[in-house]
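> Contents of my_file07.pdb (PDB, C-alpha atoms) are below:
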```
ATOM      1  CA  MET A   1      11.533  16.141   7.376
ATOM      2  CA  PRO A   2      15.268  15.977   8.075
ATOM      3  CA  GLY A   3      16.663  12.858   6.456
ATOM      4  CA  PHE A   4      13.548  12.225   4.352
ATOM      5  CA  VAL A   5      13.502  14.471   1.301
ATOM      6  CA  LYS A   6      12.916  12.071  -1.587
ATOM      7  CA  GLN A   7      11.530   8.577  -2.169
ATOM      8  CA  GLU A   8      14.965   6.961  -2.060
ATOM      9  CA  ASP A   9      15.421   8.128   1.561
ATOM     10  CA  ALA A  10      12.446   6.131   2.889
ATOM     11  CA  ILE A  11      14.198   2.931   3.983
ATOM     12  CA  ALA A  12      17.146   4.686   5.643
ATOM     13  CA  PHE A  13      14.772   7.117   7.389
ATOM     14  CA  HIS A  14      12.637   4.264   8.704
ATOM     15  CA  ASN A  15      15.649   2.280   9.889
ATOM     16  CA  ALA A  16      17.068   5.318  11.670
ATOM     17  CA  GLY A  17      13.781   5.804  13.509
ATOM     18  CA  VAL A  18      13.692   2.172  14.593
ATOM     19  CA  GLU A  19      17.275   2.410  15.821
ATOM     20  CA  LYS A  20      16.426   5.412  18.022
ATOM     21  CA  LEU A  21      13.567   3.530  19.682
ATOM     22  CA  ARG A  22      15.063   0.048  19.817
ATOM     23  CA  ASP A  23      16.408   0.172  23.383
ATOM     24  CA  LEU A  24      13.745   2.338  25.035
ATOM     25  CA  PRO A  25      11.746   0.774  27.892
ATOM     26  CA  VAL A  26       8.286  -0.468  26.977
ATOM     27  CA  GLN A  27       6.652   2.013  29.337
ATOM     28  CA  GLU A  28       8.321   4.961  27.613
ATOM     29  CA  LEU A  29       7.317   3.628  24.209
ATOM     30  CA  PHE A  30       3.685   3.476  25.367
ATOM     31  CA  GLN A  31       3.900   7.024  26.711
ATOM     32  CA  ARG A  32       5.266   8.270  23.389
ATOM     33  CA  TRP A  33       2.563   6.393  21.501
ATOM     34  CA  ARG A  34      -0.150   7.849  23.747
ATOM     35  CA  SER A  35       1.169  11.373  23.275
ATOM     36  CA  ALA A  36       1.353  10.981  19.486
ATOM     37  CA  ALA A  37      -2.155   9.470  19.374
ATOM     38  CA  GLU A  38      -3.588  12.386  21.361
ATOM     39  CA  GLN A  39      -1.937  14.912  19.028
ATOM     40  CA  HIS A  40      -3.295  13.156  15.948
ATOM     41  CA  ILE A  41      -6.802  12.896  17.400
ATOM     42  CA  SER A  42      -6.710  16.622  18.142
ATOM     43  CA  MET A  43      -5.801  17.355  14.509
ATOM     44  CA  LEU A  44      -8.487  14.986  13.189
ATOM     45  CA  GLU A  45     -11.183  16.697  15.252
ATOM     46  CA  GLU A  46     -10.531  19.890  13.298
ATOM     47  CA  LEU A  47     -11.010  18.204   9.923
ATOM     48  CA  GLU A  48     -14.219  18.524   7.926
ATOM     49  CA  GLU A  49     -15.268  16.344   4.994
ATOM     50  CA  GLY A  50     -14.649  19.136   2.505
ATOM     51  CA  MET A  51     -11.026  19.456   3.612
ATOM     52  CA  LEU A  52     -10.100  15.846   2.781
ATOM     53  CA  ASP A  53      -9.626  16.502  -0.925
ATOM     54  CA  LYS A  54      -7.309  19.484  -0.464
ATOM     55  CA  PRO A  55      -3.792  19.032  -1.930
ATOM     56  CA  ALA A  56      -1.131  17.341   0.177
ATOM     57  CA  SER A  57       2.327  15.927  -0.453
ATOM     58  CA  SER A  58       4.820  13.518   1.057
ATOM     59  CA  PRO A  59       8.464  12.745   0.204
ATOM     60  CA  ALA A  60       7.353   9.108  -0.151
ATOM     61  CA  TRP A  61       5.059  10.001  -3.054
ATOM     62  CA  SER A  62       5.887  10.387  -6.735
ATOM     63  CA  ARG A  63       3.251  13.111  -7.214
ATOM     64  CA  GLU A  64       0.901  15.326  -5.238
ATOM     65  CA  GLY A  65      -2.044  13.715  -3.473
ATOM     66  CA  THR A  66      -4.684  14.838  -0.974
ATOM     67  CA  ILE A  67      -5.229  14.964   2.773
ATOM     68  CA  ARG A  68      -7.421  11.894   2.270
ATOM     69  CA  ASP A  69      -4.353  10.092   0.908
ATOM     70  CA  LEU A  70      -2.332  11.056   3.993
ATOM     71  CA  LEU A  71      -5.000   9.445   6.171
ATOM     72  CA  ALA A  72      -5.000   6.383   3.920
ATOM     73  CA  ALA A  73      -1.242   6.040   4.424
ATOM     74  CA  GLY A  74      -1.787   5.890   8.183
ATOM     75  CA  TYR A  75      -4.558   3.346   7.762
ATOM     76  CA  LEU A  76      -2.485   1.102   5.480
ATOM     77  CA  PHE A  77       0.349   1.110   8.023
ATOM     78  CA  LEU A  78      -1.865  -0.867  10.433
ATOM     79  CA  PRO A  79      -2.456  -4.026   8.359
ATOM     80  CA  GLY A  80       1.207  -4.104   7.364
ATOM     81  CA  GLN A  81       2.292  -4.025  10.996
ATOM     82  CA  TYR A  82      -0.358  -6.558  11.994
ATOM     83  CA  GLN A  83       0.799  -8.976   9.291
ATOM     84  CA  GLN A  84       4.371  -8.637  10.594
ATOM     85  CA  ILE A  85       3.186  -9.502  14.111
ATOM     86  CA  ARG A  86       1.283 -12.446  12.658
ATOM     87  CA  ARG A  87       4.431 -13.594  10.851
ATOM     88  CA  VAL A  88       6.462 -13.498  14.081
ATOM     89  CA  ASN A  89       3.735 -15.597  15.733
ATOM     90  CA  LYS A  90       4.115 -18.194  12.957
ATOM     91  CA  LYS A  91       0.722 -17.177  11.507
ATOM     92  CA  LYS A  92      -1.200 -18.394  14.545
ATOM     93  CA  LEU A  93      -3.151 -15.122  14.574
ATOM     94  CA  PRO A  94      -6.043 -14.596  12.121
ATOM     95  CA  HIS A  95      -5.228 -13.024   8.767
ATOM     96  CA  TRP A  96      -6.013  -9.298   8.478
ATOM     97  CA  LEU A  97      -8.805 -10.038   5.999
ATOM     98  CA  ASP A  98     -10.199 -13.142   7.745
ATOM     99  CA  ASP A  99     -13.919 -12.992   8.545
ATOM    100  CA  GLY A 100     -14.151  -9.351   7.495
ATOM    101  CA  PRO A 101     -17.365  -8.246   5.760
ATOM    102  CA  PRO A 102     -17.035  -7.805   1.975
ATOM    103  CA  GLU A 103     -17.366  -4.028   2.258
ATOM    104  CA  ARG A 104     -14.347  -3.837   4.585
ATOM    105  CA  VAL A 105     -12.280  -6.016   2.251
ATOM    106  CA  ASN A 106     -13.256  -3.865  -0.720
ATOM    107  CA  PHE A 107     -12.432  -0.662   1.186
ATOM    108  CA  HIS A 108      -8.988  -2.000   2.037
ATOM    109  CA  LEU A 109      -8.264  -2.992  -1.562
ATOM    110  CA  ASP A 110      -9.481   0.347  -2.890
ATOM    111  CA  ARG A 111      -7.239   2.273  -0.473
ATOM    112  CA  LEU A 112      -4.313   0.007  -1.295
ATOM    113  CA  PHE A 113      -4.512   0.380  -5.070
ATOM    114  CA  ASN A 114      -5.085   4.134  -4.902
ATOM    115  CA  TYR A 115      -2.093   4.492  -2.599
ATOM    116  CA  MET A 116       0.058   2.343  -4.880
ATOM    117  CA  ALA A 117      -0.451   4.949  -7.587
ATOM    118  CA  LEU A 118       1.091   7.559  -5.275
ATOM    119  CA  ILE A 119       4.182   5.545  -4.326
ATOM    120  CA  LEU A 120       5.159   4.636  -7.859
ATOM    121  CA  ASN A 121       8.942   4.428  -8.150
ATOM    122  CA  ALA A 122       9.234   7.364 -10.519
ATOM    123  CA  GLY A 123      12.802   6.527 -11.535
ATOM    124  CA  SER A 124      12.027   2.932 -12.484
ATOM    125  CA  ALA A 125       8.872   4.004 -14.323
ATOM    126  CA  ALA A 126      10.406   6.931 -16.204
ATOM    127  CA  ASP A 127      10.099   5.185 -19.591
ATOM    128  CA  THR A 128       7.058   3.001 -18.845
ATOM    129  CA  GLN A 129       3.635   3.363 -20.406
ATOM    130  CA  ALA A 130       1.319   0.572 -19.308
ATOM    131  CA  ILE A 131      -2.124  -0.203 -17.930
ATOM    132  CA  TYR A 132      -2.367  -2.876 -15.230
ATOM    133  CA  LEU A 133      -5.745  -4.447 -14.522
ATOM    134  CA  MET A 134      -6.017  -5.811 -10.980
ATOM    135  CA  ASN A 135      -8.805  -8.384 -10.973
ATOM    136  CA  LEU A 136      -9.563  -9.462  -7.405
ATOM    137  CA  GLU A 137     -12.027 -12.339  -7.261
ATOM    138  CA  GLY A 138     -14.280 -13.322  -4.372
ATOM    139  CA  PRO A 139     -16.155 -11.472  -1.604
ATOM    140  CA  GLY A 140     -15.046  -7.846  -1.398
ATOM    141  CA  GLY A 141     -13.132  -8.031  -4.645
ATOM    142  CA  GLY A 142     -13.430  -5.930  -7.767
ATOM    143  CA  GLN A 143     -11.383  -4.534 -10.634
ATOM    144  CA  TRP A 144      -8.941  -1.634 -10.552
ATOM    145  CA  ARG A 145      -6.720  -0.163 -13.288
ATOM    146  CA  LEU A 146      -3.317   1.318 -12.568
ATOM    147  CA  LYS A 147      -2.335   3.577 -15.460
ATOM    148  CA  ILE A 148       1.385   4.362 -15.670
ATOM    149  CA  ASN A 149       2.620   7.087 -17.962
ATOM    150  CA  ASN A 150       6.319   8.022 -17.888
ATOM    151  CA  GLY A 151       6.841   8.323 -14.147
ATOM    152  CA  THR A 152       3.312   8.999 -12.889
ATOM    153  CA  ALA A 153       0.471   6.646 -12.024
ATOM    154  CA  PHE A 154      -3.255   6.929 -11.387
ATOM    155  CA  CYS A 155      -5.831   4.413 -10.199
ATOM    156  CA  GLU A 156      -9.393   4.067 -11.439
ATOM    157  CA  ASP A 157     -12.256   1.581 -11.651
ATOM    158  CA  GLY A 158     -11.189  -1.106 -14.103
ATOM    159  CA  THR A 159     -14.461  -2.847 -14.905
ATOM    160  CA  GLY A 160     -14.646  -3.641 -18.614
ATOM    161  CA  MET A 161     -11.727  -1.362 -19.483
ATOM    162  CA  GLU A 162      -8.731  -1.944 -21.775
ATOM    163  CA  HIS A 163      -5.402  -2.999 -20.295
ATOM    164  CA  ASP A 164      -1.939  -4.313 -21.191
ATOM    165  CA  VAL A 165      -1.656  -6.899 -18.459
ATOM    166  CA  GLU A 166      -4.145  -8.539 -16.095
ATOM    167  CA  ILE A 167      -3.275  -9.797 -12.630
ATOM    168  CA  LYS A 168      -5.975 -12.088 -11.275
ATOM    169  CA  THR A 169      -5.995 -13.309  -7.678
ATOM    170  CA  LYS A 170      -8.011 -13.306  -4.450
ATOM    171  CA  PRO A 171      -8.022 -10.436  -1.924
ATOM    172  CA  VAL A 172      -6.202 -12.458   0.729
ATOM    173  CA  HIS A 173      -3.407 -13.386  -1.707
ATOM    174  CA  TRP A 174      -2.971  -9.770  -2.804
ATOM    175  CA  MET A 175      -2.727  -8.699   0.828
ATOM    176  CA  ASP A 176      -0.020 -11.336   1.331
ATOM    177  CA  LEU A 177       1.868 -10.070  -1.715
ATOM    178  CA  ALA A 178       1.643  -6.473  -0.506
ATOM    179  CA  SER A 179       2.856  -7.354   3.002
ATOM    180  CA  GLY A 180       5.679  -9.639   1.845
ATOM    181  CA  ASP A 181       4.057 -12.846   3.117
ATOM    182  CA  LEU A 182       3.793 -14.262  -0.398
ATOM    183  CA  ASN A 183       6.622 -14.430  -2.917
ATOM    184  CA  PRO A 184       5.465 -13.323  -6.418
ATOM    185  CA  PRO A 185       7.184 -16.153  -8.387
ATOM    186  CA  MET A 186       5.854 -18.735  -5.924
ATOM    187  CA  ALA A 187       2.378 -17.201  -6.114
ATOM    188  CA  ILE A 188       2.436 -17.599  -9.888
ATOM    189  CA  MET A 189       3.817 -21.142  -9.757
ATOM    190  CA  THR A 190       1.103 -22.247  -7.295
ATOM    191  CA  ARG A 191      -1.606 -20.494  -9.356
ATOM    192  CA  LYS A 192      -2.543 -18.213  -6.502
ATOM    193  CA  VAL A 193      -1.889 -15.429  -8.998
ATOM    194  CA  LYS A 194      -2.760 -15.743 -12.700
ATOM    195  CA  LEU A 195      -1.343 -13.465 -15.359
ATOM    196  CA  GLY A 196      -2.779 -12.361 -18.670
ATOM    197  CA  GLY A 197      -1.446 -10.104 -21.395
ATOM    198  CA  ASN A 198       2.134  -8.820 -21.335
ATOM    199  CA  ALA A 199       4.031 -11.123 -18.936
ATOM    200  CA  GLY A 200       7.110  -8.874 -19.012
ATOM    201  CA  LEU A 201       5.117  -5.940 -17.653
ATOM    202  CA  ALA A 202       3.610  -8.191 -14.993
ATOM    203  CA  MET A 203       7.046  -9.228 -13.728
ATOM    204  CA  LYS A 204       8.103  -5.573 -13.641
ATOM    205  CA  LEU A 205       5.343  -4.603 -11.237
ATOM    206  CA  SER A 206       7.255  -5.125  -7.974
ATOM    207  CA  SER A 207      10.122  -2.901  -9.128
ATOM    208  CA  LEU A 208       7.695  -0.143 -10.124
ATOM    209  CA  PHE A 209       5.920   0.092  -6.794
ATOM    210  CA  GLY A 210       7.989  -1.671  -4.157
ATOM    211  CA  SER A 211       6.394  -1.284  -0.707
ATOM    212  CA  THR A 212       2.659  -0.262  -0.775
ATOM    213  CA  GLY A 213       2.552   0.943   2.694
ATOM    214  CA  GLY A 214       5.403   3.394   2.712
TER     215      GLY A 214
END
```
Starting from the coordinates I provided, produce the structure as C-alpha cells.


Amino acid sequence: MPGFVKQEDAIAFHNAGVEKLRDLPVQELFQRWRSAAEQHISMLEELEEGMLDKPASSPAWSREGTIRDLLAAGYLFLPGQYQQIRRVNKKKLPHWLDDGPPERVNFHLDRLFNYMALILNAGSAADTQAIYLMNLEGPGGGQWRLKINNGTAFCEDGTGMEHDVEIKTKPVHWMDLASGDLNPPMAIMTRKVKLGGNAGLAMKLSSLFGSTGG
C-alpha cells in the first residue's frame, strides 16, 4: 500500500487516512462504508475453512501470518473503536466485555494475544529473549505465553509452562490496557495488575508491542 510499507509507517498512514475523511459529509461516509462492507462480504463468501491457514502478510506485522490473522485484525479493530466511543461518552456505555459469556471473553483474549505476537516491534525486540506469561483470572480467562526471540514472537497456551515474567490481571483490565483506557503504572499501583518474575521485562512490554490492534 502506498505510504504503508513497514511497521513504522502505521501511525502516519492512519492519520493520513483520517485527514482525508475528516470533512466528508456523514451521508458520504455511510455510502463509502456500505460499499466497502459489500466488497468484503463478497470476498468472505469465497473463503473456505481450509483457506484460513494459508500464508498472508501485512506491513503492520513483524513476520508472516495467515489469512485467519488478517480476519482477526479486522475483528480486533471493532472493540478498539467501541472503547474509543465509550471513552468519548464518559464511559456511560457498557464495557466491551460486560455481560459477555465466558467463551466470548476467552475468544477475544485468544485473538488479542495471538495478534500481539504478530505486531511485535521488531526493532525494539531485536536483542530480547523472554517468555511472558499472561495470566487472566476470572470468567473467560486463561493463560497464554508470548515467546520473544530476537525480533520475532509467537503465542501459545501457557498453562503450567516456564516463563521469565508473569502478568496477572482480569480480562476487563487487560482490555482496558490494550485500548489505552488504563495506564500501566496506575494499574500496577492500584493492584489491578500484579507482576511476578523479572520486573524489568514487565515494564518493557508496552515498548515491545505498542498498539495491539494495528

> Contacts between segment 54-69 of chain A and segment 131-169 of chain A, please, where a residue of segment 131-169 of chain A counts if it comes within 9 Å (with only C-alpha atoms); show its shortest atom pair and distance in Å to one decimal, rows by chain and ascending number, as a Markdown table.


```
| residue | atom | partner | partner_atom | distance |
| --- | --- | --- | --- | --- |
| A:Gly151 | CA | A:Ser62 | CA | 7.8 |
| A:Thr152 | CA | A:Ser62 | CA | 6.8 |
| A:Ala153 | CA | A:Ser62 | CA | 8.4 |
```

> Take the residues that were just selected and, keeping C-alpha atoms, output them as a PDB file, in the frame of the given file.


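So the final result, stored in part28.pdb, reads:
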```
ATOM      1  CA  GLY A 151       6.841   8.323 -14.147  1.00  0.00           C
ATOM      2  CA  THR A 152       3.312   8.999 -12.889  1.00  0.00           C
ATOM      3  CA  ALA A 153       0.471   6.646 -12.024  1.00  0.00           C
TER       4      ALA A 153
END
```

> Take the PyMOL selection byres ((chain A and resi 136) around 7), apply it to the structure above, and return the hits as number ranges by chain.

A: 134-135, 137-138, 141-143, 168-171

> Translate the PyMOL selection byres ((chain A and resi 175) around 10) into a concrete residue list for this structure, as number ranges by chain.

A: 79-80, 83, 95-97, 108-109, 112, 170-174, 176-182

> Go ahead and save the residues from that selection, with C-alpha atoms, as a PDB file, in the frame of the given file.


```
ATOM      1  CA  PRO A  79      -2.456  -4.026   8.359  1.00  0.00           C
ATOM      2  CA  GLY A  80       1.207  -4.104   7.364  1.00  0.00           C
ATOM      3  CA  GLN A  83       0.799  -8.976   9.291  1.00  0.00           C
ATOM      4  CA  HIS A  95      -5.228 -13.024   8.767  1.00  0.00           C
ATOM      5  CA  TRP A  96      -6.013  -9.298   8.478  1.00  0.00           C
ATOM      6  CA  LEU A  97      -8.805 -10.038   5.999  1.00  0.00           C
ATOM      7  CA  HIS A 108      -8.988  -2.000   2.037  1.00  0.00           C
ATOM      8  CA  LEU A 109      -8.264  -2.992  -1.562  1.00  0.00           C
ATOM      9  CA  LEU A 112      -4.313   0.007  -1.295  1.00  0.00           C
ATOM     10  CA  LYS A 170      -8.011 -13.306  -4.450  1.00  0.00           C
ATOM     11  CA  PRO A 171      -8.022 -10.436  -1.924  1.00  0.00           C
ATOM     12  CA  VAL A 172      -6.202 -12.458   0.729  1.00  0.00           C
ATOM     13  CA  HIS A 173      -3.407 -13.386  -1.707  1.00  0.00           C
ATOM     14  CA  TRP A 174      -2.971  -9.770  -2.804  1.00  0.00           C
ATOM     15  CA  ASP A 176      -0.020 -11.336   1.331  1.00  0.00           C
ATOM     16  CA  LEU A 177       1.868 -10.070  -1.715  1.00  0.00           C
ATOM     17  CA  ALA A 178       1.643  -6.473  -0.506  1.00  0.00           C
ATOM     18  CA  SER A 179       2.856  -7.354   3.002  1.00  0.00           C
ATOM     19  CA  GLY A 180       5.679  -9.639   1.845  1.00  0.00           C
ATOM     20  CA  ASP A 181       4.057 -12.846   3.117  1.00  0.00           C
ATOM     21  CA  LEU A 182       3.793 -14.262  -0.398  1.00  0.00           C
TER      22      LEU A 182
END
```

> Work out how far apart atom CA of Ala130 of chain A and atom CA of Arg191 of chain A are and give it in Å to one decimal.

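Going from atom CA of Ala130 of chain A over to atom CA of Arg191 of chain A covers 23.5 Å.
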
> I need the residue set behind the PyMOL selection byres ((chain A and resi 111) around 12) for this file; please write it as a PyMOL selection string.

chain A and resi 68-77+79+104-110+112-118+144+155-156+175+212-213

> Take the selection from the previous step and output its residues with C-alpha atoms, as a short mmCIF file (atom, residue, chain, number, x, y, z; two decimals), in the coordinates of the input.


```
data_model
loop_
_atom_site.label_atom_id
_atom_site.label_comp_id
_atom_site.auth_asym_id
_atom_site.auth_seq_id
_atom_site.Cartn_x
_atom_site.Cartn_y
_atom_site.Cartn_z
CA ARG A 68 -7.42 11.89 2.27
CA ASP A 69 -4.35 10.09 0.91
CA LEU A 70 -2.33 11.06 3.99
CA LEU A 71 -5.00 9.44 6.17
CA ALA A 72 -5.00 6.38 3.92
CA ALA A 73 -1.24 6.04 4.42
CA GLY A 74 -1.79 5.89 8.18
CA TYR A 75 -4.56 3.35 7.76
CA LEU A 76 -2.48 1.10 5.48
CA PHE A 77 0.35 1.11 8.02
CA PRO A 79 -2.46 -4.03 8.36
CA ARG A 104 -14.35 -3.84 4.58
CA VAL A 105 -12.28 -6.02 2.25
CA ASN A 106 -13.26 -3.86 -0.72
CA PHE A 107 -12.43 -0.66 1.19
CA HIS A 108 -8.99 -2.00 2.04
CA LEU A 109 -8.26 -2.99 -1.56
CA ASP A 110 -9.48 0.35 -2.89
CA LEU A 112 -4.31 0.01 -1.30
CA PHE A 113 -4.51 0.38 -5.07
CA ASN A 114 -5.08 4.13 -4.90
CA TYR A 115 -2.09 4.49 -2.60
CA MET A 116 0.06 2.34 -4.88
CA ALA A 117 -0.45 4.95 -7.59
CA LEU A 118 1.09 7.56 -5.28
CA TRP A 144 -8.94 -1.63 -10.55
CA CYS A 155 -5.83 4.41 -10.20
CA GLU A 156 -9.39 4.07 -11.44
CA MET A 175 -2.73 -8.70 0.83
CA THR A 212 2.66 -0.26 -0.78
CA GLY A 213 2.55 0.94 2.69
#
```

> Quick one: pull the distance between atom CA of Ile148 of chain A and atom CA of Glu8 of chain A, Å, one decimal.

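Between these atoms lies a distance of 19.4 Å.
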
> Listed atoms of segment 122-139 of chain A, axis-aligned box, 4 Å per side: centre and edge lengths to one decimal in Å, as AutoDock Vina command-line options?


```
--center_x -1.7 --center_y -3.0 --center_z -11.0 --size_x 37.0 --size_y 28.7 --size_z 26.8
```

> Suppose you want the space between atom CA of Lys90 of chain A and atom CA of Arg34 of chain A; what is it in Å?

28.5 Å

> Which residue gives the smallest distance to Ala10 of chain A among A:Ile119, A:Ala187, A:Ile131, A:Leu29, with all atoms listed in the file counted?

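Result for the nearest residue to Ala10 of chain A: A:Ile119.
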
> Name the residues in contact with Gly17 of chain A at a cut-off of 12 Å, using all atoms listed in the file, excluding same-chain residues fewer than 5 positions from it; report them as a PDB file with C-alpha atoms, keeping the file's coordinate frame.


```pdb
ATOM      1  CA  PRO A   2      15.268  15.977   8.075  1.00  0.00           C
ATOM      2  CA  GLY A   3      16.663  12.858   6.456  1.00  0.00           C
ATOM      3  CA  PHE A   4      13.548  12.225   4.352  1.00  0.00           C
ATOM      4  CA  ALA A  10      12.446   6.131   2.889  1.00  0.00           C
ATOM      5  CA  ILE A  11      14.198   2.931   3.983  1.00  0.00           C
ATOM      6  CA  ALA A  12      17.146   4.686   5.643  1.00  0.00           C
ATOM      7  CA  ARG A  22      15.063   0.048  19.817  1.00  0.00           C
ATOM      8  CA  ASP A  23      16.408   0.172  23.383  1.00  0.00           C
TER       9      ASP A  23
END
```

> Reconstruct N, CA and C atoms of segment 45-64 of chain A from the incomplete input and present them as a PDB file, in the frame of the given file.


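File written: rebuild-v3.pdb
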```
ATOM      1  N   GLU A  45      -9.941  16.065  14.818  1.00  0.00           N
ATOM      2  CA  GLU A  45     -11.183  16.697  15.252  1.00  0.00           C
ATOM      3  C   GLU A  45     -11.435  18.011  14.535  1.00  0.00           C
ATOM      4  N   GLU A  46     -10.380  18.620  14.006  1.00  0.00           N
ATOM      5  CA  GLU A  46     -10.531  19.890  13.298  1.00  0.00           C
ATOM      6  C   GLU A  46     -10.857  19.706  11.817  1.00  0.00           C
ATOM      7  N   LEU A  47     -10.758  18.461  11.341  1.00  0.00           N
ATOM      8  CA  LEU A  47     -11.010  18.204   9.923  1.00  0.00           C
ATOM      9  C   LEU A  47     -12.507  18.153   9.616  1.00  0.00           C
ATOM     10  N   GLU A  48     -12.866  18.653   8.450  1.00  0.00           N
ATOM     11  CA  GLU A  48     -14.219  18.524   7.926  1.00  0.00           C
ATOM     12  C   GLU A  48     -14.149  17.772   6.608  1.00  0.00           C
ATOM     13  N   GLU A  49     -15.249  17.165   6.205  1.00  0.00           N
ATOM     14  CA  GLU A  49     -15.268  16.344   4.994  1.00  0.00           C
ATOM     15  C   GLU A  49     -14.723  17.097   3.791  1.00  0.00           C
ATOM     16  N   GLY A  50     -15.074  18.362   3.668  1.00  0.00           N
ATOM     17  CA  GLY A  50     -14.649  19.136   2.505  1.00  0.00           C
ATOM     18  C   GLY A  50     -13.151  19.401   2.445  1.00  0.00           C
ATOM     19  N   MET A  51     -12.463  19.214   3.573  1.00  0.00           N
ATOM     20  CA  MET A  51     -11.026  19.456   3.612  1.00  0.00           C
ATOM     21  C   MET A  51     -10.222  18.255   3.120  1.00  0.00           C
ATOM     22  N   LEU A  52     -10.841  17.072   3.064  1.00  0.00           N
ATOM     23  CA  LEU A  52     -10.100  15.846   2.781  1.00  0.00           C
ATOM     24  C   LEU A  52      -9.520  15.801   1.373  1.00  0.00           C
ATOM     25  N   ASP A  53     -10.116  16.525   0.449  1.00  0.00           N
ATOM     26  CA  ASP A  53      -9.626  16.502  -0.925  1.00  0.00           C
ATOM     27  C   ASP A  53      -8.724  17.691  -1.257  1.00  0.00           C
ATOM     28  N   LYS A  54      -8.281  18.416  -0.237  1.00  0.00           N
ATOM     29  CA  LYS A  54      -7.309  19.484  -0.464  1.00  0.00           C
ATOM     30  C   LYS A  54      -5.942  18.879  -0.761  1.00  0.00           C
ATOM     31  N   PRO A  55      -5.108  19.579  -1.544  1.00  0.00           N
ATOM     32  CA  PRO A  55      -3.792  19.032  -1.930  1.00  0.00           C
ATOM     33  C   PRO A  55      -2.909  18.756  -0.725  1.00  0.00           C
ATOM     34  N   ALA A  56      -2.114  17.702  -0.842  1.00  0.00           N
ATOM     35  CA  ALA A  56      -1.131  17.341   0.177  1.00  0.00           C
ATOM     36  C   ALA A  56       0.021  16.640  -0.518  1.00  0.00           C
ATOM     37  N   SER A  57       1.169  16.591   0.146  1.00  0.00           N
ATOM     38  CA  SER A  57       2.327  15.927  -0.453  1.00  0.00           C
ATOM     39  C   SER A  57       3.116  15.195   0.619  1.00  0.00           C
ATOM     40  N   SER A  58       3.947  14.284   0.172  1.00  0.00           N
ATOM     41  CA  SER A  58       4.820  13.518   1.057  1.00  0.00           C
ATOM     42  C   SER A  58       6.076  13.168   0.276  1.00  0.00           C
ATOM     43  N   PRO A  59       7.246  13.140   0.923  1.00  0.00           N
ATOM     44  CA  PRO A  59       8.464  12.745   0.204  1.00  0.00           C
ATOM     45  C   PRO A  59       8.415  11.295  -0.262  1.00  0.00           C
ATOM     46  N   ALA A  60       7.478  10.507   0.276  1.00  0.00           N
ATOM     47  CA  ALA A  60       7.353   9.108  -0.151  1.00  0.00           C
ATOM     48  C   ALA A  60       6.572   8.983  -1.456  1.00  0.00           C
ATOM     49  N   TRP A  61       5.925  10.055  -1.879  1.00  0.00           N
ATOM     50  CA  TRP A  61       5.059  10.001  -3.054  1.00  0.00           C
ATOM     51  C   TRP A  61       5.784  10.487  -4.310  1.00  0.00           C
ATOM     52  N   SER A  62       5.316   9.981  -5.455  1.00  0.00           N
ATOM     53  CA  SER A  62       5.887  10.387  -6.735  1.00  0.00           C
ATOM     54  C   SER A  62       5.150  11.586  -7.335  1.00  0.00           C
ATOM     55  N   ARG A  63       4.011  11.956  -6.746  1.00  0.00           N
ATOM     56  CA  ARG A  63       3.251  13.111  -7.214  1.00  0.00           C
ATOM     57  C   ARG A  63       2.396  13.617  -6.056  1.00  0.00           C
ATOM     58  N   GLU A  64       1.756  14.744  -6.268  1.00  0.00           N
ATOM     59  CA  GLU A  64       0.901  15.326  -5.238  1.00  0.00           C
ATOM     60  C   GLU A  64      -0.349  14.482  -5.041  1.00  0.00           C
TER      61      GLU A  64
END
```
